[in-house]
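Have a look at entry34.cif; it's mmCIF, C-alpha atoms and all ligand atoms:
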```
data_model
loop_
_atom_site.label_atom_id
_atom_site.label_comp_id
_atom_site.auth_asym_id
_atom_site.auth_seq_id
_atom_site.Cartn_x
_atom_site.Cartn_y
_atom_site.Cartn_z
CA MET Y 272 -30.49 -30.71 -26.90
CA ALA Y 273 -34.15 -29.95 -26.08
CA ARG Y 274 -34.79 -26.24 -25.99
CA PRO Y 275 -37.24 -24.70 -23.52
CA THR Y 276 -40.51 -23.00 -24.39
CA VAL Y 277 -40.33 -19.42 -23.12
CA ILE Y 278 -43.35 -17.20 -22.42
CA ALA Y 279 -42.11 -13.68 -21.78
CA GLY Y 280 -43.88 -10.41 -21.03
CA ASN Y 281 -42.35 -7.12 -22.12
CA TRP Y 282 -44.02 -4.47 -19.97
CA LYS Y 283 -42.25 -1.60 -21.78
CA LEU Y 284 -42.80 1.70 -19.91
CA ASN Y 285 -45.84 0.37 -18.02
CA PRO Y 286 -47.63 0.23 -15.62
CA PRO Y 287 -47.69 2.65 -12.66
CA ARG Y 288 -46.38 1.20 -9.38
CA GLU Y 289 -49.59 -0.03 -7.73
CA GLN Y 290 -50.79 -1.73 -10.88
CA GLY Y 291 -47.36 -3.18 -11.57
CA GLU Y 292 -47.12 -4.67 -8.12
CA ALA Y 293 -50.60 -6.17 -8.40
CA LEU Y 294 -49.81 -7.56 -11.86
CA TYR Y 295 -46.59 -9.09 -10.56
CA ARG Y 296 -48.40 -10.70 -7.60
CA ASP Y 297 -51.10 -12.13 -9.86
CA VAL Y 298 -48.52 -13.56 -12.25
CA VAL Y 299 -46.50 -15.13 -9.41
CA VAL Y 300 -49.65 -16.65 -7.91
CA GLY Y 301 -50.81 -17.81 -11.35
CA ILE Y 302 -47.52 -19.58 -11.92
CA SER Y 303 -47.61 -21.25 -8.50
CA GLU Y 304 -51.13 -22.51 -9.23
CA ARG Y 305 -49.97 -24.25 -12.40
CA SER Y 306 -47.49 -27.05 -12.38
CA LEU Y 307 -45.00 -25.73 -14.87
CA PRO Y 308 -43.31 -28.48 -16.83
CA ALA Y 309 -39.52 -28.34 -16.56
CA ASN Y 310 -39.19 -27.20 -20.17
CA VAL Y 311 -41.53 -24.20 -19.85
CA GLN Y 312 -40.01 -20.92 -18.65
CA VAL Y 313 -41.91 -17.75 -17.77
CA ALA Y 314 -40.28 -14.33 -17.79
CA ILE Y 315 -41.27 -10.73 -17.31
CA PHE Y 316 -39.29 -7.68 -18.39
CA PRO Y 317 -40.62 -4.82 -16.24
CA PRO Y 318 -39.25 -1.26 -16.14
CA ALA Y 319 -35.99 -0.91 -14.22
CA PRO Y 320 -37.34 0.39 -10.86
CA TYR Y 321 -39.17 -2.91 -10.31
CA LEU Y 322 -36.09 -5.07 -10.87
CA GLY Y 323 -34.29 -4.73 -7.55
CA GLY Y 324 -37.24 -5.96 -5.49
CA TRP Y 325 -38.17 -8.86 -7.74
CA ALA Y 326 -35.13 -10.23 -9.57
CA GLY Y 327 -33.70 -13.29 -7.90
CA SER Y 328 -36.59 -13.66 -5.47
CA SER Y 329 -39.53 -14.58 -7.68
CA GLY Y 330 -39.39 -18.38 -7.60
CA ASP Y 331 -39.97 -19.84 -11.04
CA LEU Y 332 -40.55 -16.43 -12.61
CA ILE Y 333 -37.58 -15.06 -14.53
CA VAL Y 334 -37.21 -11.30 -14.11
CA GLY Y 335 -35.26 -9.59 -16.87
CA ALA Y 336 -34.25 -6.10 -17.94
CA GLN Y 337 -35.49 -4.37 -21.10
CA ASP Y 338 -32.08 -3.01 -22.07
CA VAL Y 339 -28.49 -2.93 -20.90
CA ALA Y 340 -25.59 -0.55 -21.40
CA SER Y 341 -22.55 -1.56 -23.38
CA GLU Y 342 -20.37 -0.17 -20.57
CA SER Y 343 -20.07 -2.00 -17.26
CA TRP Y 344 -19.14 0.75 -14.81
CA GLY Y 345 -18.09 4.34 -14.80
CA ALA Y 346 -19.14 7.83 -15.75
CA PHE Y 347 -22.19 6.89 -17.83
CA THR Y 348 -25.08 8.78 -16.28
CA GLY Y 349 -28.39 7.06 -16.81
CA ALA Y 350 -26.90 3.77 -17.97
CA LEU Y 351 -27.79 0.38 -16.52
CA GLY Y 352 -24.77 -1.92 -16.51
CA ALA Y 353 -24.90 -5.69 -16.95
CA GLU Y 354 -22.84 -6.49 -13.88
CA LEU Y 355 -25.01 -4.23 -11.74
CA LEU Y 356 -28.12 -5.99 -13.06
CA ARG Y 357 -26.55 -9.37 -12.38
CA GLY Y 358 -25.74 -8.29 -8.82
CA PHE Y 359 -29.43 -7.60 -8.25
CA GLY Y 360 -30.42 -11.08 -9.47
CA VAL Y 361 -31.34 -10.22 -13.06
CA THR Y 362 -30.59 -13.15 -15.38
CA HIS Y 363 -31.96 -12.11 -18.79
CA VAL Y 364 -31.94 -8.95 -20.86
CA LEU Y 365 -33.73 -7.84 -24.03
CA ILE Y 366 -31.37 -6.55 -26.68
CA GLY Y 367 -32.31 -4.80 -29.89
CA HIS Y 368 -36.04 -4.50 -29.29
CA SER Y 369 -37.44 -2.58 -32.27
CA GLU Y 370 -38.46 0.28 -29.96
CA ARG Y 371 -34.83 0.59 -28.86
CA ARG Y 372 -33.71 0.47 -32.49
CA HIS Y 373 -36.28 3.00 -33.70
CA HIS Y 374 -36.69 5.45 -30.80
CA PHE Y 375 -33.23 5.30 -29.28
CA GLY Y 376 -31.07 4.65 -32.31
CA ASP Y 377 -29.68 1.24 -31.36
CA THR Y 378 -27.78 -0.08 -34.38
CA ASP Y 379 -26.50 -3.59 -35.02
CA ALA Y 380 -23.14 -2.42 -33.66
CA THR Y 381 -24.81 -1.09 -30.50
CA CYS Y 382 -26.65 -4.38 -30.10
CA ARG Y 383 -23.39 -6.28 -30.47
CA ALA Y 384 -21.69 -4.18 -27.80
CA LYS Y 385 -24.66 -4.62 -25.45
CA LEU Y 386 -24.81 -8.34 -26.13
CA GLU Y 387 -21.12 -8.74 -25.38
CA ALA Y 388 -21.47 -6.74 -22.15
CA ALA Y 389 -24.44 -8.88 -21.12
CA ARG Y 390 -22.52 -12.08 -21.85
CA ALA Y 391 -19.44 -10.91 -19.97
CA ALA Y 392 -21.63 -10.47 -16.88
CA GLY Y 393 -23.30 -13.87 -17.36
CA LEU Y 394 -26.70 -12.51 -18.45
CA ILE Y 395 -28.70 -14.39 -21.09
CA PRO Y 396 -29.45 -12.07 -24.02
CA VAL Y 397 -32.86 -12.15 -25.69
CA LEU Y 398 -31.95 -10.74 -29.07
CA CYS Y 399 -34.88 -9.17 -30.93
CA VAL Y 400 -34.89 -9.07 -34.72
CA GLY Y 401 -37.58 -8.17 -37.22
CA GLU Y 402 -38.42 -6.37 -40.42
CA THR Y 403 -40.60 -3.30 -40.99
CA GLU Y 404 -43.64 -3.43 -43.24
CA PRO Y 405 -41.91 -1.78 -46.24
CA GLU Y 406 -39.02 -4.23 -45.82
CA ARG Y 407 -41.42 -7.18 -45.86
CA ASP Y 408 -43.27 -5.75 -48.86
CA ALA Y 409 -39.94 -5.38 -50.66
CA GLY Y 410 -39.16 -9.05 -50.01
CA GLU Y 411 -36.25 -8.18 -47.70
CA THR Y 412 -37.37 -9.98 -44.53
CA PHE Y 413 -34.67 -12.65 -44.55
CA ASP Y 414 -31.91 -10.17 -45.44
CA ILE Y 415 -32.90 -7.86 -42.60
CA ILE Y 416 -33.15 -10.49 -39.90
CA ARG Y 417 -29.91 -12.11 -41.06
CA ARG Y 418 -28.14 -8.75 -40.93
CA GLN Y 419 -29.47 -8.10 -37.42
CA LEU Y 420 -28.50 -11.59 -36.28
CA ASP Y 421 -25.00 -11.55 -37.73
CA GLY Y 422 -24.45 -7.96 -36.63
CA ALA Y 423 -25.23 -8.68 -33.00
CA LEU Y 424 -23.59 -12.08 -32.77
CA GLU Y 425 -20.33 -11.36 -34.53
CA ALA Y 426 -18.21 -12.40 -31.56
CA GLN Y 427 -20.63 -14.99 -30.20
CA SER Y 428 -19.07 -18.30 -29.29
CA VAL Y 429 -21.30 -21.33 -29.62
CA ALA Y 430 -21.28 -22.39 -26.00
CA GLU Y 431 -23.19 -19.43 -24.62
CA PRO Y 432 -26.95 -19.53 -24.14
CA LEU Y 433 -29.08 -17.21 -26.23
CA VAL Y 434 -32.74 -16.57 -26.88
CA ILE Y 435 -33.93 -14.97 -30.10
CA ALA Y 436 -37.23 -13.14 -30.52
CA TYR Y 437 -38.51 -12.72 -34.07
CA GLU Y 438 -40.70 -9.63 -33.92
CA PRO Y 439 -41.94 -8.25 -37.22
CA VAL Y 440 -42.09 -4.51 -36.50
CA TRP Y 441 -45.41 -4.13 -38.33
CA ALA Y 442 -47.01 -6.56 -35.88
CA ILE Y 443 -45.81 -4.95 -32.63
CA GLY Y 444 -48.60 -3.19 -30.78
CA THR Y 445 -50.67 -2.94 -33.94
CA GLY Y 446 -53.09 -5.83 -33.47
CA LYS Y 447 -51.74 -7.30 -36.73
CA THR Y 448 -50.19 -10.71 -36.19
CA ALA Y 449 -47.95 -12.63 -38.53
CA THR Y 450 -49.68 -15.80 -39.68
CA PRO Y 451 -48.19 -18.93 -38.10
CA GLU Y 452 -46.80 -19.72 -41.57
CA MET Y 453 -45.06 -16.31 -41.84
CA ALA Y 454 -43.64 -16.65 -38.34
CA ALA Y 455 -42.55 -20.26 -38.82
CA GLU Y 456 -40.86 -19.42 -42.11
CA ALA Y 457 -38.81 -16.66 -40.44
CA HIS Y 458 -38.02 -18.93 -37.48
CA ARG Y 459 -36.82 -21.71 -39.77
CA TYR Y 460 -34.63 -19.22 -41.59
CA LEU Y 461 -33.16 -17.96 -38.30
CA ARG Y 462 -32.48 -21.50 -37.12
CA HIS Y 463 -30.90 -22.33 -40.46
CA SER Y 464 -28.71 -19.21 -40.09
CA LEU Y 465 -27.60 -20.29 -36.61
CA ARG Y 466 -26.79 -23.74 -37.94
CA GLU Y 467 -24.88 -22.33 -40.89
CA LYS Y 468 -22.93 -19.77 -38.88
CA TRP Y 469 -22.24 -21.93 -35.81
CA ASN Y 470 -23.50 -25.50 -35.60
CA ALA Y 471 -26.57 -27.71 -35.39
CA GLU Y 472 -26.29 -28.23 -31.64
CA PHE Y 473 -26.34 -24.49 -30.96
CA ALA Y 474 -29.15 -23.92 -33.48
CA ASP Y 475 -31.26 -26.67 -31.92
CA ALA Y 476 -30.68 -25.45 -28.36
CA THR Y 477 -31.63 -21.81 -29.04
CA PRO Y 478 -35.29 -20.93 -28.39
CA ILE Y 479 -36.76 -18.64 -31.04
CA LEU Y 480 -39.80 -16.74 -29.73
CA TYR Y 481 -42.41 -14.96 -31.80
CA GLY Y 482 -43.52 -11.46 -30.83
CA GLY Y 483 -46.14 -9.21 -32.38
CA SER Y 484 -49.68 -8.88 -31.01
CA VAL Y 485 -49.73 -12.31 -29.38
CA LYS Y 486 -53.03 -12.67 -27.52
CA PRO Y 487 -54.95 -15.48 -25.83
CA SER Y 488 -56.98 -15.84 -29.04
CA ASN Y 489 -54.01 -16.54 -31.32
CA ALA Y 490 -51.47 -18.05 -28.89
CA ALA Y 491 -52.39 -21.71 -29.31
CA THR Y 492 -52.14 -21.57 -33.11
CA LEU Y 493 -48.79 -19.78 -33.05
CA LEU Y 494 -47.33 -21.92 -30.27
CA GLY Y 495 -48.60 -25.08 -31.96
CA ASP Y 496 -45.93 -24.72 -34.64
CA ALA Y 497 -42.81 -26.79 -33.94
CA ASP Y 498 -40.56 -23.90 -35.03
CA ILE Y 499 -42.11 -21.38 -32.61
CA ASP Y 500 -40.56 -21.90 -29.17
CA GLY Y 501 -42.53 -19.35 -27.21
CA ALA Y 502 -43.71 -15.77 -27.28
CA LEU Y 503 -42.55 -12.28 -26.38
CA ILE Y 504 -45.71 -10.47 -25.42
CA GLY Y 505 -46.21 -6.72 -25.04
CA GLY Y 506 -49.76 -5.46 -24.57
CA ALA Y 507 -51.30 -8.75 -23.45
CA SER Y 508 -48.66 -9.20 -20.74
CA LEU Y 509 -50.07 -6.19 -18.86
CA ASP Y 510 -53.14 -8.19 -17.91
CA ALA Y 511 -52.41 -11.19 -15.69
CA GLU Y 512 -55.37 -13.19 -16.99
CA SER Y 513 -54.33 -12.71 -20.63
CA PHE Y 514 -50.68 -13.43 -19.91
CA LEU Y 515 -51.50 -16.57 -17.94
CA SER Y 516 -53.90 -17.78 -20.57
CA ILE Y 517 -51.10 -17.43 -23.17
CA LEU Y 518 -48.94 -19.43 -20.76
CA ASP Y 519 -51.66 -22.10 -20.60
CA ALA Y 520 -51.48 -22.40 -24.39
CA ALA Y 521 -47.81 -23.31 -23.98
CA ILE Y 522 -48.33 -25.97 -21.34
CA PRO Y 523 -48.84 -29.36 -22.96
CA ARG Y 524 -51.92 -31.25 -21.74
C1 LIG R 1 -43.30 -6.37 -27.83
O1 LIG R 1 -43.30 -5.33 -27.19
O2 LIG R 1 -42.25 -7.01 -27.90
C2 LIG R 1 -44.54 -6.82 -28.45
C3 LIG R 1 -44.51 -7.90 -29.18
O3 LIG R 1 -45.67 -6.06 -28.22
P1 LIG R 1 -47.20 -6.48 -28.58
O4 LIG R 1 -47.41 -7.88 -28.05
O5 LIG R 1 -48.03 -5.48 -27.88
O6 LIG R 1 -47.33 -6.45 -30.06
#
```

Take the structure I supplied and represent it as structure tokens, if you would.
Amino acid sequence: MARPTVIAGNWKLNPPREQGEALYRDVVVGISERSLPANVQVAIFPPAPYLGGWAGSSGDLIVGAQDVASESWGAFTGALGAELLRGFGVTHVLIGHSERRHHFGDTDATCRAKLEAARAAGLIPVLCVGETEPERDAGETFDIIRRQLDGALEAQSVAEPLVIAYEPVWAIGTGKTATPEMAAEAHRYLRHSLREKWNAEFADATPILYGGSVKPSNAATLLGDADIDGALIGGASLDAESFLSILDAAIPR
């Protein structure tokens, strides 16, 4: 099955309202000015307050959440439940972003619970995996990403759609980018793991995005690799021109 190319912006805790609304408008207009091929998807993951107004009413633009609670409803002050998100038109959710893992203590078990809650509500999880610099230096990259993958997908059945983002932690927000060879090697390993654990059809249908200082200047090289199915973009997604120019690198001419 052909898998889509996905260009996704993770806005993190940015930007203030006026700028966010202008950015959103520019991205929506930019998408409408391009004829997006059917296999190219564009997504943004803005902070939660933006979701209600945009999710489900942004045309071709997918609007996703940056995190989800493992509980659906109830006495969980501050939590954002998957079914609630779904009710507001949200279709995708990031799970296990390294900032969630490092600042908020999300473990593989937490990620699994969140992933299962997202699935139960019909949301498509974008599972983020990636090694730290000391882990890469110690030659542990494959072990770490395999542990994160297996840990989150323990109860995953093959029929359910999934997106994976390989995001080496040392490359996020640092200006350091994995070389296309480093990224492709990790992507091939992840796809091999999906094939081994589930089956070839599921492995081939699952887009694996690269994230870590993707910019207009390096997007074409990264996206030119057959094993890199798109990008999860932090900093450069906060500027419509940069984000759209990364999108252009993903649109075949
Ligand atoms: C991210 O937040 O997922 C990310 C990859 O950030 P940046 O592009 O800024 O490195």

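All residues, whether protein, DNA or RNA, that have an atom at most 6 Å from ligand LIG 1 (chain R) (counting only C-alpha atoms and all ligand atoms) are Y:Asn281, Y:Ala442, Y:Ile443, Y:Gly444, Y:Gly482, Y:Gly483, Y:Ser484, Y:Val485, Y:Leu503, Y:Ile504, Y:Gly505, Y:Gly506.
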
| How many Å separate atom CA of Phe473 of chain Y from atom CA of Ala430 of chain Y? |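 Those two atoms sit 7.4 Å apart.
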
| message | Can you tell me which residues surround Leu493 of chain Y at a distance of at most 10 Å, considering only C-alpha atoms, apart from same-chain residues fewer than 6 positions away, and format the answer as a list in words? | response |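 Surrounding residues, per the criterion: Thr448, Ala449, Thr450, Pro451, Glu452, Ala454, Ala455, Tyr481, Val485, Lys486, Ile499, Asp500, Gly501, Ala502, Ala520 and Ala521 of chain Y.
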
Give me, as a tab-separated table, each residue of segment 397-489 of chain Y that comes within 12 Å of segment 299-314 of chain Y, together with its shortest interatomic pair and the distance in Å at one decimal, counting all atoms listed in the file, with rows ordered by chain and rising residue number.
```
residue	atom	partner	partner_atom	distance
Y:Val397	CA	Y:Ala314	CA	11.1
Y:Val434	CA	Y:Gln312	CA	11.8
Y:Ala476	CA	Y:Asn310	CA	11.9
Y:Pro478	CA	Y:Gln312	CA	10.8
Y:Leu480	CA	Y:Gln312	CA	11.8
```

Per residue of segment 389-502 of chain Y within 10 Å of segment 333-337 of chain Y, what are the shortest atom pair and its distance in Å to one decimal, counting only C-alpha atoms, with rows by chain and residue number, as CSV?
```
residue,atom,partner,partner_atom,distance
Y:Leu394,CA,Y:Gly335,CA,9.2
Y:Ile395,CA,Y:Gly335,CA,9.2
Y:Pro396,CA,Y:Gly335,CA,9.5
Y:Val397,CA,Y:Gln337,CA,9.4
```

| message | Using Å and a single decimal, report how far atom CA of Glu387 of chain Y sits from atom CA of Lys468 of chain Y. | response |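 Straight-line distance from atom CA of Lys468 of chain Y to atom CA of Glu387 of chain Y works out to 17.5 Å.
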
| Atom-to-atom span, atom CA of Lys385 of chain Y and atom CA of Asp338 of chain Y, Å |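 Those two atoms sit 8.3 Å apart.
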
| request: Considering only C-alpha atoms, state which residue in the set Y:Asn285, Y:Ser343, Y:Glu456, Y:Arg466 is at the smallest distance from Ala497 of chain Y. | output: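 Among Y:Asn285, Y:Ser343, Y:Glu456, Y:Arg466, it is Y:Glu456 that comes nearest to Ala497 of chain Y.
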
| message | So, with all atoms listed in the file as the atoms that count, which of Y:Leu398, Y:Ala388, Y:Ala490, Y:Ala409 lies closest to Gly422 of chain Y? | response |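 When distances to Gly422 of chain Y are compared using all atoms listed in the file, the smallest one comes from Y:Leu398.
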
| message | List as a PyMOL selection string the residues having at least one atom at most 10 Å from position (-40.4, -10.5, -42.4) as given in the file, counting only C-alpha atoms. | response | chain Y and resi 400-416+437-441+449+453-454+456-457

| task | Considering all atoms listed in the file, return as a count of residues only whatever protein or nucleic-acid residues lie within 12 Å of Pro317 of chain Y, sequence-local ones (same chain, fewer than 3 positions apart) excluded. | result | 37

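Take the candidates Y:Ala436, Y:Ala474, Y:Leu465, Y:Ile479 and check each one against Arg417 of chain Y using only C-alpha atoms; the shortest distance goes to Y:Leu465.
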
| task | Write out as JSON, numbers by chain which residues come within 10 Å of Ala380 of chain Y when counting only C-alpha atoms, dropping same-chain ones fewer than 3 positions away. | result | {"Y": [377, 383, 384, 385, 386, 419, 422, 423, 424, 425]}

I need the chosen residues saved as a PDB file, keeping the file's coordinate frame, with C-alpha atoms.
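So selection_13.pdb came out as:
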```
ATOM      1  CA  ASP Y 377     -29.680   1.240 -31.360  1.00  0.00           C
ATOM      2  CA  ARG Y 383     -23.390  -6.280 -30.470  1.00  0.00           C
ATOM      3  CA  ALA Y 384     -21.690  -4.180 -27.800  1.00  0.00           C
ATOM      4  CA  LYS Y 385     -24.660  -4.620 -25.450  1.00  0.00           C
ATOM      5  CA  LEU Y 386     -24.810  -8.340 -26.130  1.00  0.00           C
ATOM      6  CA  GLN Y 419     -29.470  -8.100 -37.420  1.00  0.00           C
ATOM      7  CA  GLY Y 422     -24.450  -7.960 -36.630  1.00  0.00           C
ATOM      8  CA  ALA Y 423     -25.230  -8.680 -33.000  1.00  0.00           C
ATOM      9  CA  LEU Y 424     -23.590 -12.080 -32.770  1.00  0.00           C
ATOM     10  CA  GLU Y 425     -20.330 -11.360 -34.530  1.00  0.00           C
TER      11      GLU Y 425
END
```

Could you add whatever atoms are missing so that segment 338-354 of chain Y carries N, CA and C atoms, then write the result as an mmCIF file, keeping the file's coordinate frame?
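After the write, result04.cif holds the following:
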```cif
data_model
loop_
_atom_site.group_PDB
_atom_site.id
_atom_site.type_symbol
_atom_site.label_atom_id
_atom_site.label_comp_id
_atom_site.auth_asym_id
_atom_site.auth_seq_id
_atom_site.Cartn_x
_atom_site.Cartn_y
_atom_site.Cartn_z
ATOM 1 N N ASP Y 338 -33.226 -3.558 -21.326
ATOM 2 C CA ASP Y 338 -32.080 -3.010 -22.070
ATOM 3 C C ASP Y 338 -30.882 -3.069 -21.149
ATOM 4 N N VAL Y 339 -29.704 -2.933 -21.708
ATOM 5 C CA VAL Y 339 -28.490 -2.930 -20.900
ATOM 6 C C VAL Y 339 -27.495 -1.993 -21.593
ATOM 7 N N ALA Y 340 -26.617 -1.423 -20.796
ATOM 8 C CA ALA Y 340 -25.590 -0.550 -21.400
ATOM 9 C C ALA Y 340 -24.459 -1.402 -21.961
ATOM 10 N N SER Y 341 -23.714 -0.825 -22.877
ATOM 11 C CA SER Y 341 -22.550 -1.560 -23.380
ATOM 12 C C SER Y 341 -21.360 -1.369 -22.429
ATOM 13 N N GLU Y 342 -21.452 -0.383 -21.535
ATOM 14 C CA GLU Y 342 -20.370 -0.170 -20.570
ATOM 15 C C GLU Y 342 -20.760 -0.838 -19.250
ATOM 16 N N SER Y 343 -19.754 -1.320 -18.519
ATOM 17 C CA SER Y 343 -20.070 -2.000 -17.260
ATOM 18 C C SER Y 343 -20.179 -1.025 -16.101
ATOM 19 N N TRP Y 344 -19.186 -0.177 -15.943
ATOM 20 C CA TRP Y 344 -19.140 0.750 -14.810
ATOM 21 C C TRP Y 344 -18.577 2.079 -15.295
ATOM 22 N N GLY Y 345 -18.797 3.102 -14.516
ATOM 23 C CA GLY Y 345 -18.090 4.340 -14.800
ATOM 24 C C GLY Y 345 -18.990 5.532 -14.978
ATOM 25 N N ALA Y 346 -18.452 6.558 -15.614
ATOM 26 C CA ALA Y 346 -19.140 7.830 -15.750
ATOM 27 C C ALA Y 346 -20.103 7.783 -16.939
ATOM 28 N N PHE Y 347 -21.195 7.036 -16.770
ATOM 29 C CA PHE Y 347 -22.190 6.890 -17.830
ATOM 30 C C PHE Y 347 -23.571 7.136 -17.247
ATOM 31 N N THR Y 348 -23.844 8.392 -16.959
ATOM 32 C CA THR Y 348 -25.080 8.780 -16.280
ATOM 33 C C THR Y 348 -26.307 8.214 -16.994
ATOM 34 N N GLY Y 349 -27.146 7.572 -16.247
ATOM 35 C CA GLY Y 349 -28.390 7.060 -16.810
ATOM 36 C C GLY Y 349 -28.284 5.636 -17.324
ATOM 37 N N ALA Y 350 -27.063 5.107 -17.398
ATOM 38 C CA ALA Y 350 -26.900 3.770 -17.970
ATOM 39 C C ALA Y 350 -27.154 2.684 -16.925
ATOM 40 N N LEU Y 351 -27.516 1.519 -17.394
ATOM 41 C CA LEU Y 351 -27.790 0.380 -16.520
ATOM 42 C C LEU Y 351 -26.840 -0.732 -16.941
ATOM 43 N N GLY Y 352 -25.818 -0.982 -16.123
ATOM 44 C CA GLY Y 352 -24.770 -1.920 -16.510
ATOM 45 C C GLY Y 352 -25.148 -3.376 -16.237
ATOM 46 N N ALA Y 353 -24.578 -4.271 -17.040
ATOM 47 C CA ALA Y 353 -24.900 -5.690 -16.950
ATOM 48 C C ALA Y 353 -24.476 -6.289 -15.602
ATOM 49 N N GLU Y 354 -23.302 -5.900 -15.144
ATOM 50 C CA GLU Y 354 -22.840 -6.490 -13.880
ATOM 51 C C GLU Y 354 -23.684 -6.009 -12.708
#
```
